[in-house]
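Undergrad: Handing you a structure now.
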Amino acid sequence: MTIARALLLGLVSTLVVVLIALVAYANRDDRLLWLIVLPLLAQHGVAVFTPGTGWPRRLVRGALGFLASGAAGFATYLYFNDRTDWFHGMGGDWFLVLVLVLHAAIPGGTAAAADSPALGLALAGGFTLSLCVAIKLAGAAHPGYMILLVVGTLAGALVNALDLARPLTSGRRTPSRR
């Protein structure tokens with residue numbers, strides 16, 4: 001998969017998430033919101049099962065990326081909660097913080113599971129960027145949530161980049177010129 005296709009897939013995933021949310025709110029049926037999981041699972045499946053070797057390794061790396069993104073999100077919240085007004089309105093509601101941090105860790109798991117750090121950042125970054133833009137255009141922008149999304153995405157990409165035992169056959173390699 002090319003970087004442009006990964007970025008486009010991230011953008012399309014957000015479009016599907018927004019459409020599902022609009023249909024759920026128009027029908028006043030919160031049960032439809034569970035369908036939001038489907039494009040996120042599809043995006044993660046594309047990251048894990050791209051052609052190449054080592055899909056079990058990418059699956060484990062995705063889980064580690066999810067955990068690292070969640071930890072980075074909690075650290076971000078704990079550090080900046082008293083220093084800035086980014087997380088206003090959460091008021092120490094730990095369940096809300098947990099839900100937002102875990103939701104923001106989803107793109108991090110996708111970024112970590114991809115075949116290469118560039119593809120992971122494009123796939124999860126496209127989703128994160130377009131979701132932040134959609135939230136901002138809807139007038140429901142919360143700076144803390146958008147910051148957690150970006151931190152989660154970058155933490156997952158960092159987990160992917162730090163995997164130094166990546167198989168050499170993964171991803172496209174340019175032929176050497178002799």
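We label chains A, B, ... in the order they appear in the structure tokens, count residues from 1 in each chain, and number ligands from 1 in the order shown.
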Neighbouring residues of Val99 in chain A were defined as those with any atom within 12 Å, considering only C-alpha atoms; residues of the same chain fewer than 3 positions away were excluded. Please report them as a PyMOL selection string.

TA: chain A and resi 70+73-74+90+93-96+102-106+145+148

Undergrad: Generate a file of the selected residues that holds N, CA, C and O atoms, formatted as a compact mmCIF listing (two decimals), in the first residue's frame.

TA:
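Final output, saved to result_25.txt:
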# COMPACT_ATOMS: atom_id res chain seq x y z
N GLY A 70 -2.41 4.83 25.11
CA GLY A 70 -3.24 5.09 26.28
C GLY A 70 -2.43 5.67 27.43
O GLY A 70 -2.85 6.61 28.10
N GLY A 73 -1.58 9.19 26.63
CA GLY A 73 -2.76 10.04 26.81
C GLY A 73 -3.01 10.36 28.27
O GLY A 73 -3.30 11.51 28.63
N PHE A 74 -2.89 9.36 29.14
CA PHE A 74 -3.07 9.62 30.58
C PHE A 74 -1.98 10.55 31.09
O PHE A 74 -2.25 11.46 31.88
N MET A 90 -14.04 18.49 32.00
CA MET A 90 -13.91 17.11 32.46
C MET A 90 -13.96 17.05 33.98
O MET A 90 -14.41 16.06 34.53
N ASP A 93 -13.73 13.94 36.21
CA ASP A 93 -14.58 12.79 35.91
C ASP A 93 -13.69 11.71 35.28
O ASP A 93 -13.42 11.72 34.10
N TRP A 94 -13.22 10.78 36.09
CA TRP A 94 -12.22 9.81 35.64
C TRP A 94 -12.78 8.83 34.62
O TRP A 94 -12.04 8.34 33.77
N PHE A 95 -14.07 8.55 34.66
CA PHE A 95 -14.65 7.66 33.65
C PHE A 95 -14.63 8.34 32.28
O PHE A 95 -14.27 7.71 31.28
N LEU A 96 -14.96 9.62 32.23
CA LEU A 96 -14.90 10.37 30.97
C LEU A 96 -13.47 10.45 30.45
O LEU A 96 -13.23 10.27 29.25
N LEU A 102 -8.90 6.17 25.94
CA LEU A 102 -8.95 4.91 25.21
C LEU A 102 -9.41 5.11 23.77
O LEU A 102 -8.92 4.44 22.86
N HIS A 103 -10.33 6.04 23.55
CA HIS A 103 -10.75 6.33 22.18
C HIS A 103 -9.61 6.96 21.39
O HIS A 103 -9.43 6.67 20.21
N ALA A 104 -8.83 7.81 22.04
CA ALA A 104 -7.70 8.44 21.37
C ALA A 104 -6.56 7.46 21.14
O ALA A 104 -5.68 7.71 20.31
N ALA A 105 -6.54 6.35 21.86
CA ALA A 105 -5.48 5.35 21.67
C ALA A 105 -5.75 4.45 20.47
O ALA A 105 -4.83 3.76 20.02
N ILE A 106 -6.96 4.45 19.94
CA ILE A 106 -7.27 3.58 18.79
C ILE A 106 -6.41 3.92 17.57
O ILE A 106 -5.82 3.01 16.96
N TYR A 145 -9.59 16.75 23.77
CA TYR A 145 -9.82 15.53 23.01
C TYR A 145 -8.96 15.50 21.75
O TYR A 145 -8.38 14.47 21.42
N LEU A 148 -5.43 14.73 22.71
CA LEU A 148 -5.29 13.31 23.03
C LEU A 148 -5.24 12.46 21.76
O LEU A 148 -4.48 11.48 21.69

Undergrad: Excluding same-chain residues fewer than 4 positions from Leu22 in chain A, what lies within 12 Å of it counting only C-alpha atoms, as number ranges by chain?

TA: A: 15-18, 26-30, 32-33, 35-36, 134, 138

Undergrad: Applying 6 Å and only C-alpha atoms, which residues near range 124-129 of chain A remain after dropping the ones on its own chain fewer than 5 positions away? List them as a list in words.

TA: Leu7, Gly10, Leu11, Thr14, Pro107 and Ala111 of chain A

Undergrad: How would the residues just picked look written out with all heavy atoms as a CSV table (one decimal), in the first residue's frame?

TA:
chain,number,residue,atom,x,y,z
A,7,LEU,N,-3.3,7.3,3.5
A,7,LEU,CA,-3.9,8.6,4.0
A,7,LEU,C,-5.4,8.7,3.5
A,7,LEU,O,-6.2,9.1,4.3
A,7,LEU,CB,-3.1,9.8,3.4
A,7,LEU,CG,-3.5,11.2,3.8
A,7,LEU,CD1,-3.3,11.3,5.3
A,7,LEU,CD2,-2.7,12.2,3.1
A,10,GLY,N,-7.6,6.5,5.7
A,10,GLY,CA,-7.9,7.2,6.9
A,10,GLY,C,-8.9,8.3,6.8
A,10,GLY,O,-9.8,8.4,7.7
A,11,LEU,N,-8.9,9.0,5.7
A,11,LEU,CA,-9.9,10.0,5.5
A,11,LEU,C,-11.3,9.4,5.2
A,11,LEU,O,-12.3,9.9,5.8
A,11,LEU,CB,-9.5,10.9,4.3
A,11,LEU,CG,-8.3,11.7,4.4
A,11,LEU,CD1,-7.9,12.4,3.1
A,11,LEU,CD2,-8.4,12.8,5.5
A,14,THR,N,-12.9,8.2,8.5
A,14,THR,CA,-13.6,9.2,9.2
A,14,THR,C,-14.9,9.6,8.6
A,14,THR,O,-15.9,9.9,9.3
A,14,THR,CB,-12.7,10.5,9.3
A,14,THR,OG1,-11.5,10.1,9.9
A,14,THR,CG2,-13.3,11.6,10.0
A,107,PRO,N,-6.3,5.2,17.2
A,107,PRO,CA,-5.4,5.5,16.0
A,107,PRO,C,-3.9,5.1,16.3
A,107,PRO,O,-3.2,4.8,15.4
A,107,PRO,CB,-5.5,7.0,15.8
A,107,PRO,CG,-6.7,7.4,16.6
A,107,PRO,CD,-7.0,6.4,17.6
A,111,ALA,N,-1.5,2.9,14.0
A,111,ALA,CA,-0.2,3.4,13.5
A,111,ALA,C,0.9,2.5,13.9
A,111,ALA,O,1.8,2.3,13.1
A,111,ALA,CB,0.1,4.8,14.2

Undergrad: For CA of Thr76 in chain A and CA of Val150 in chain A, quote the distance in Å rounded to one decimal.

TA: 10.9 Å

Undergrad: At a cut-off of 9 Å, using only C-alpha atoms, what residues contact range 152-169 of chain A? Leave out same-chain residues fewer than 3 positions from it and give the result as a PDB file with N, CA, C and O atoms, in the first residue's frame.

TA:
ATOM      1  N   GLY A  52       2.942  -8.946   2.995  1.00  0.00           N
ATOM      2  CA  GLY A  52       4.270  -8.910   3.591  1.00  0.00           C
ATOM      3  C   GLY A  52       4.343  -9.950   4.687  1.00  0.00           C
ATOM      4  O   GLY A  52       3.370 -10.641   4.997  1.00  0.00           O
ATOM      5  N   THR A  53       5.480 -10.081   5.256  1.00  0.00           N
ATOM      6  CA  THR A  53       5.661 -11.087   6.294  1.00  0.00           C
ATOM      7  C   THR A  53       5.411 -10.473   7.662  1.00  0.00           C
ATOM      8  O   THR A  53       5.505  -9.270   7.847  1.00  0.00           O
ATOM      9  N   GLY A  54       5.087 -11.309   8.601  1.00  0.00           N
ATOM     10  CA  GLY A  54       5.037 -10.888   9.993  1.00  0.00           C
ATOM     11  C   GLY A  54       3.738 -10.304  10.470  1.00  0.00           C
ATOM     12  O   GLY A  54       3.762  -9.425  11.325  1.00  0.00           O
ATOM     13  N   ARG A  57       3.365 -10.422  14.249  1.00  0.00           N
ATOM     14  CA  ARG A  57       4.199  -9.413  14.902  1.00  0.00           C
ATOM     15  C   ARG A  57       3.527  -8.041  14.836  1.00  0.00           C
ATOM     16  O   ARG A  57       3.551  -7.277  15.791  1.00  0.00           O
ATOM     17  N   ARG A  58       2.900  -7.732  13.699  1.00  0.00           N
ATOM     18  CA  ARG A  58       2.217  -6.447  13.569  1.00  0.00           C
ATOM     19  C   ARG A  58       0.990  -6.383  14.488  1.00  0.00           C
ATOM     20  O   ARG A  58       0.660  -5.320  15.014  1.00  0.00           O
ATOM     21  N   ARG A  61       2.401  -5.705  17.888  1.00  0.00           N
ATOM     22  CA  ARG A  61       2.894  -4.323  17.908  1.00  0.00           C
ATOM     23  C   ARG A  61       1.724  -3.343  17.978  1.00  0.00           C
ATOM     24  O   ARG A  61       1.806  -2.311  18.630  1.00  0.00           O
ATOM     25  N   GLY A  62       0.602  -3.671  17.332  1.00  0.00           N
ATOM     26  CA  GLY A  62      -0.579  -2.823  17.413  1.00  0.00           C
ATOM     27  C   GLY A  62      -1.141  -2.782  18.822  1.00  0.00           C
ATOM     28  O   GLY A  62      -1.572  -1.732  19.303  1.00  0.00           O
ATOM     29  N   LEU A  64       0.584  -3.304  21.574  1.00  0.00           N
ATOM     30  CA  LEU A  64       1.540  -2.511  22.364  1.00  0.00           C
ATOM     31  C   LEU A  64       1.395  -1.026  22.061  1.00  0.00           C
ATOM     32  O   LEU A  64       1.517  -0.185  22.957  1.00  0.00           O
ATOM     33  N   GLY A  65       1.141  -0.699  20.810  1.00  0.00           N
ATOM     34  CA  GLY A  65       0.922   0.699  20.437  1.00  0.00           C
ATOM     35  C   GLY A  65      -0.325   1.273  21.090  1.00  0.00           C
ATOM     36  O   GLY A  65      -0.342   2.429  21.515  1.00  0.00           O
ATOM     37  N   PHE A  66      -1.380   0.452  21.182  1.00  0.00           N
ATOM     38  CA  PHE A  66      -2.604   0.883  21.859  1.00  0.00           C
ATOM     39  C   PHE A  66      -2.322   1.170  23.328  1.00  0.00           C
ATOM     40  O   PHE A  66      -2.742   2.201  23.867  1.00  0.00           O
ATOM     41  N   LEU A  67      -1.584   0.277  23.978  1.00  0.00           N
ATOM     42  CA  LEU A  67      -1.256   0.480  25.396  1.00  0.00           C
ATOM     43  C   LEU A  67      -0.361   1.707  25.593  1.00  0.00           C
ATOM     44  O   LEU A  67      -0.566   2.492  26.513  1.00  0.00           O
ATOM     45  N   ALA A  68       0.639   1.853  24.722  1.00  0.00           N
ATOM     46  CA  ALA A  68       1.534   3.010  24.833  1.00  0.00           C
ATOM     47  C   ALA A  68       0.789   4.312  24.560  1.00  0.00           C
ATOM     48  O   ALA A  68       1.029   5.330  25.222  1.00  0.00           O
ATOM     49  N   SER A  69      -0.137   4.283  23.606  1.00  0.00           N
ATOM     50  CA  SER A  69      -0.924   5.488  23.316  1.00  0.00           C
ATOM     51  C   SER A  69      -1.832   5.843  24.481  1.00  0.00           C
ATOM     52  O   SER A  69      -2.009   7.020  24.802  1.00  0.00           O
ATOM     53  N   GLY A  70      -2.413   4.832  25.107  1.00  0.00           N
ATOM     54  CA  GLY A  70      -3.237   5.089  26.281  1.00  0.00           C
ATOM     55  C   GLY A  70      -2.426   5.667  27.429  1.00  0.00           C
ATOM     56  O   GLY A  70      -2.852   6.607  28.099  1.00  0.00           O
ATOM     57  N   ALA A  71      -1.238   5.101  27.648  1.00  0.00           N
ATOM     58  CA  ALA A  71      -0.373   5.618  28.712  1.00  0.00           C
ATOM     59  C   ALA A  71       0.073   7.043  28.411  1.00  0.00           C
ATOM     60  O   ALA A  71       0.102   7.898  29.312  1.00  0.00           O
ATOM     61  N   ALA A  72       0.402   7.312  27.154  1.00  0.00           N
ATOM     62  CA  ALA A  72       0.803   8.681  26.779  1.00  0.00           C
ATOM     63  C   ALA A  72      -0.361   9.648  26.937  1.00  0.00           C
ATOM     64  O   ALA A  72      -0.180  10.802  27.350  1.00  0.00           O
ATOM     65  N   GLY A  73      -1.581   9.189  26.628  1.00  0.00           N
ATOM     66  CA  GLY A  73      -2.759  10.038  26.811  1.00  0.00           C
ATOM     67  C   GLY A  73      -3.009  10.364  28.271  1.00  0.00           C
ATOM     68  O   GLY A  73      -3.300  11.514  28.626  1.00  0.00           O
ATOM     69  N   VAL A 101      -9.385   8.866  26.597  1.00  0.00           N
ATOM     70  CA  VAL A 101      -8.009   8.391  26.393  1.00  0.00           C
ATOM     71  C   VAL A 101      -8.001   7.086  25.607  1.00  0.00           C
ATOM     72  O   VAL A 101      -7.201   6.911  24.681  1.00  0.00           O
ATOM     73  N   ALA A 104      -8.834   7.809  22.044  1.00  0.00           N
ATOM     74  CA  ALA A 104      -7.701   8.441  21.372  1.00  0.00           C
ATOM     75  C   ALA A 104      -6.556   7.464  21.140  1.00  0.00           C
ATOM     76  O   ALA A 104      -5.683   7.711  20.306  1.00  0.00           O
ATOM     77  N   ALA A 105      -6.544   6.346  21.862  1.00  0.00           N
ATOM     78  CA  ALA A 105      -5.483   5.353  21.671  1.00  0.00           C
ATOM     79  C   ALA A 105      -5.745   4.446  20.472  1.00  0.00           C
ATOM     80  O   ALA A 105      -4.827   3.759  20.017  1.00  0.00           O
ATOM     81  N   ILE A 106      -6.956   4.445  19.938  1.00  0.00           N
ATOM     82  CA  ILE A 106      -7.272   3.583  18.789  1.00  0.00           C
ATOM     83  C   ILE A 106      -6.413   3.918  17.575  1.00  0.00           C
ATOM     84  O   ILE A 106      -5.822   3.014  16.963  1.00  0.00           O
ATOM     85  N   PRO A 107      -6.276   5.194  17.168  1.00  0.00           N
ATOM     86  CA  PRO A 107      -5.376   5.464  16.036  1.00  0.00           C
ATOM     87  C   PRO A 107      -3.923   5.124  16.343  1.00  0.00           C
ATOM     88  O   PRO A 107      -3.158   4.774  15.444  1.00  0.00           O
ATOM     89  N   GLY A 108      -3.546   5.180  17.611  1.00  0.00           N
ATOM     90  CA  GLY A 108      -2.184   4.802  17.989  1.00  0.00           C
ATOM     91  C   GLY A 108      -1.923   3.328  17.752  1.00  0.00           C
ATOM     92  O   GLY A 108      -0.858   2.933  17.283  1.00  0.00           O
ATOM     93  N   GLY A 109      -2.911   2.490  18.073  1.00  0.00           N
ATOM     94  CA  GLY A 109      -2.777   1.063  17.797  1.00  0.00           C
ATOM     95  C   GLY A 109      -2.689   0.782  16.306  1.00  0.00           C
ATOM     96  O   GLY A 109      -1.936  -0.080  15.862  1.00  0.00           O
ATOM     97  N   THR A 110      -3.454   1.523  15.520  1.00  0.00           N
ATOM     98  CA  THR A 110      -3.396   1.364  14.063  1.00  0.00           C
ATOM     99  C   THR A 110      -2.050   1.815  13.520  1.00  0.00           C
ATOM    100  O   THR A 110      -1.471   1.146  12.661  1.00  0.00           O
ATOM    101  N   ALA A 111      -1.540   2.935  14.014  1.00  0.00           N
ATOM    102  CA  ALA A 111      -0.241   3.423  13.550  1.00  0.00           C
ATOM    103  C   ALA A 111       0.875   2.453  13.900  1.00  0.00           C
ATOM    104  O   ALA A 111       1.814   2.263  13.135  1.00  0.00           O
ATOM    105  N   ALA A 112       0.772   1.813  15.052  1.00  0.00           N
ATOM    106  CA  ALA A 112       1.804   0.870  15.465  1.00  0.00           C
ATOM    107  C   ALA A 112       1.728  -0.433  14.687  1.00  0.00           C
ATOM    108  O   ALA A 112       2.744  -1.086  14.460  1.00  0.00           O
ATOM    109  N   ALA A 113       0.538  -0.833  14.259  1.00  0.00           N
ATOM    110  CA  ALA A 113       0.364  -2.124  13.597  1.00  0.00           C
ATOM    111  C   ALA A 113       0.728  -2.110  12.118  1.00  0.00           C
ATOM    112  O   ALA A 113       0.878  -3.171  11.522  1.00  0.00           O
ATOM    113  N   ALA A 114       0.870  -0.972  11.529  1.00  0.00           N
ATOM    114  CA  ALA A 114       1.128  -0.893  10.091  1.00  0.00           C
ATOM    115  C   ALA A 114       2.501  -1.474   9.739  1.00  0.00           C
ATOM    116  O   ALA A 114       3.366  -1.653  10.601  1.00  0.00           O
ATOM    117  N   ASP A 115       2.666  -1.744   8.456  1.00  0.00           N
ATOM    118  CA  ASP A 115       3.875  -2.384   7.966  1.00  0.00           C
ATOM    119  C   ASP A 115       5.121  -1.524   8.176  1.00  0.00           C
ATOM    120  O   ASP A 115       6.189  -2.030   8.441  1.00  0.00           O
ATOM    121  N   SER A 116       4.976  -0.231   8.045  1.00  0.00           N
ATOM    122  CA  SER A 116       6.103   0.677   8.255  1.00  0.00           C
ATOM    123  C   SER A 116       5.617   1.895   9.033  1.00  0.00           C
ATOM    124  O   SER A 116       4.412   2.182   9.050  1.00  0.00           O
ATOM    125  N   PRO A 117       6.522   2.618   9.669  1.00  0.00           N
ATOM    126  CA  PRO A 117       6.107   3.813  10.410  1.00  0.00           C
ATOM    127  C   PRO A 117       5.433   4.861   9.521  1.00  0.00           C
ATOM    128  O   PRO A 117       4.483   5.513   9.941  1.00  0.00           O
ATOM    129  N   ALA A 118       5.890   4.999   8.281  1.00  0.00           N
ATOM    130  CA  ALA A 118       5.295   5.988   7.380  1.00  0.00           C
ATOM    131  C   ALA A 118       3.859   5.620   7.028  1.00  0.00           C
ATOM    132  O   ALA A 118       2.971   6.478   7.026  1.00  0.00           O
ATOM    133  N   GLY A 120       1.870   3.695   8.815  1.00  0.00           N
ATOM    134  CA  GLY A 120       1.081   3.817  10.036  1.00  0.00           C
ATOM    135  C   GLY A 120       0.717   5.255  10.340  1.00  0.00           C
ATOM    136  O   GLY A 120      -0.425   5.557  10.704  1.00  0.00           O
ATOM    137  N   LEU A 121       1.675   6.147  10.172  1.00  0.00           N
ATOM    138  CA  LEU A 121       1.399   7.557  10.427  1.00  0.00           C
ATOM    139  C   LEU A 121       0.425   8.112   9.395  1.00  0.00           C
ATOM    140  O   LEU A 121      -0.450   8.913   9.732  1.00  0.00           O
ATOM    141  N   ALA A 124      -3.229   6.341  10.293  1.00  0.00           N
ATOM    142  CA  ALA A 124      -3.816   6.889  11.516  1.00  0.00           C
ATOM    143  C   ALA A 124      -3.848   8.412  11.486  1.00  0.00           C
ATOM    144  O   ALA A 124      -4.770   9.025  12.021  1.00  0.00           O
ATOM    145  N   GLY A 125      -2.860   9.024  10.858  1.00  0.00           N
ATOM    146  CA  GLY A 125      -2.840  10.484  10.763  1.00  0.00           C
ATOM    147  C   GLY A 125      -3.962  11.022   9.898  1.00  0.00           C
ATOM    148  O   GLY A 125      -4.545  12.073  10.196  1.00  0.00           O
ATOM    149  N   THR A 128      -7.016  10.789  12.115  1.00  0.00           N
ATOM    150  CA  THR A 128      -6.975  11.790  13.183  1.00  0.00           C
ATOM    151  C   THR A 128      -7.211  13.194  12.642  1.00  0.00           C
ATOM    152  O   THR A 128      -8.009  13.957  13.195  1.00  0.00           O
ATOM    153  N   ILE A 147      -6.133  17.026  21.271  1.00  0.00           N
ATOM    154  CA  ILE A 147      -4.739  16.835  21.679  1.00  0.00           C
ATOM    155  C   ILE A 147      -4.488  15.371  22.028  1.00  0.00           C
ATOM    156  O   ILE A 147      -3.455  14.802  21.659  1.00  0.00           O
ATOM    157  N   LEU A 148      -5.434  14.729  22.707  1.00  0.00           N
ATOM    158  CA  LEU A 148      -5.285  13.306  23.028  1.00  0.00           C
ATOM    159  C   LEU A 148      -5.242  12.456  21.762  1.00  0.00           C
ATOM    160  O   LEU A 148      -4.483  11.483  21.691  1.00  0.00           O
ATOM    161  N   LEU A 149      -6.034  12.800  20.747  1.00  0.00           N
ATOM    162  CA  LEU A 149      -5.986  12.069  19.481  1.00  0.00           C
ATOM    163  C   LEU A 149      -4.611  12.167  18.830  1.00  0.00           C
ATOM    164  O   LEU A 149      -4.055  11.172  18.358  1.00  0.00           O
ATOM    165  N   ARG A 172       7.677  -1.983   0.697  1.00  0.00           N
ATOM    166  CA  ARG A 172       8.326  -1.877  -0.601  1.00  0.00           C
ATOM    167  C   ARG A 172       9.726  -1.334  -0.424  1.00  0.00           C
ATOM    168  O   ARG A 172       9.947  -0.370   0.289  1.00  0.00           O
ATOM    169  N   ARG A 173      10.643  -1.923  -1.062  1.00  0.00           N
ATOM    170  CA  ARG A 173      12.026  -1.437  -1.035  1.00  0.00           C
ATOM    171  C   ARG A 173      12.400  -1.002  -2.444  1.00  0.00           C
ATOM    172  O   ARG A 173      12.037  -1.656  -3.413  1.00  0.00           O
TER     173      ARG A 173
END

Undergrad: Mind pulling up the distance from CA of Leu38 in chain A to CA of Val12 in chain A?

TA: 12.5 Å

Undergrad: Can you work out which one of A:Thr50, A:Val133, A:Ala122, A:His44 has the shortest atom-to-atom distance to Ala63 in chain A, counting only C-alpha atoms?

TA: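 With only C-alpha atoms as the atom set, the closest residue is A:His44.
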
Undergrad: Counting only C-alpha atoms, figure out which residue out of A:Met146, A:Cys132, A:Leu19, A:Ala47 gets nearest to Ile3 in chain A.

TA: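 That would be A:Ala47, the residue with the smallest distance to Ile3 in chain A.
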
Undergrad: Suppose you want the space between CA of Ala6 in chain A and CA of Val46 in chain A; what is it in Å?

TA: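 Distance reported for this atom pair: 9.1 Å.
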
Undergrad: Write out as a PyMOL selection string the set of residues from chain A that DSSP, computed on the backbone, places in alpha helix (DSSP H).

TA: chain A and resi 3-27+37-48+55-80+94-113+117-137+143-161

Undergrad: Please determine, counting only C-alpha atoms, which residue among A:Val151, A:Leu9, A:Ala141, A:Val60 has the shortest atom-to-atom distance to Ala75 in chain A.

TA: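 Ranking A:Val151, A:Leu9, A:Ala141, A:Val60 by distance to Ala75 in chain A, first place goes to A:Val151.
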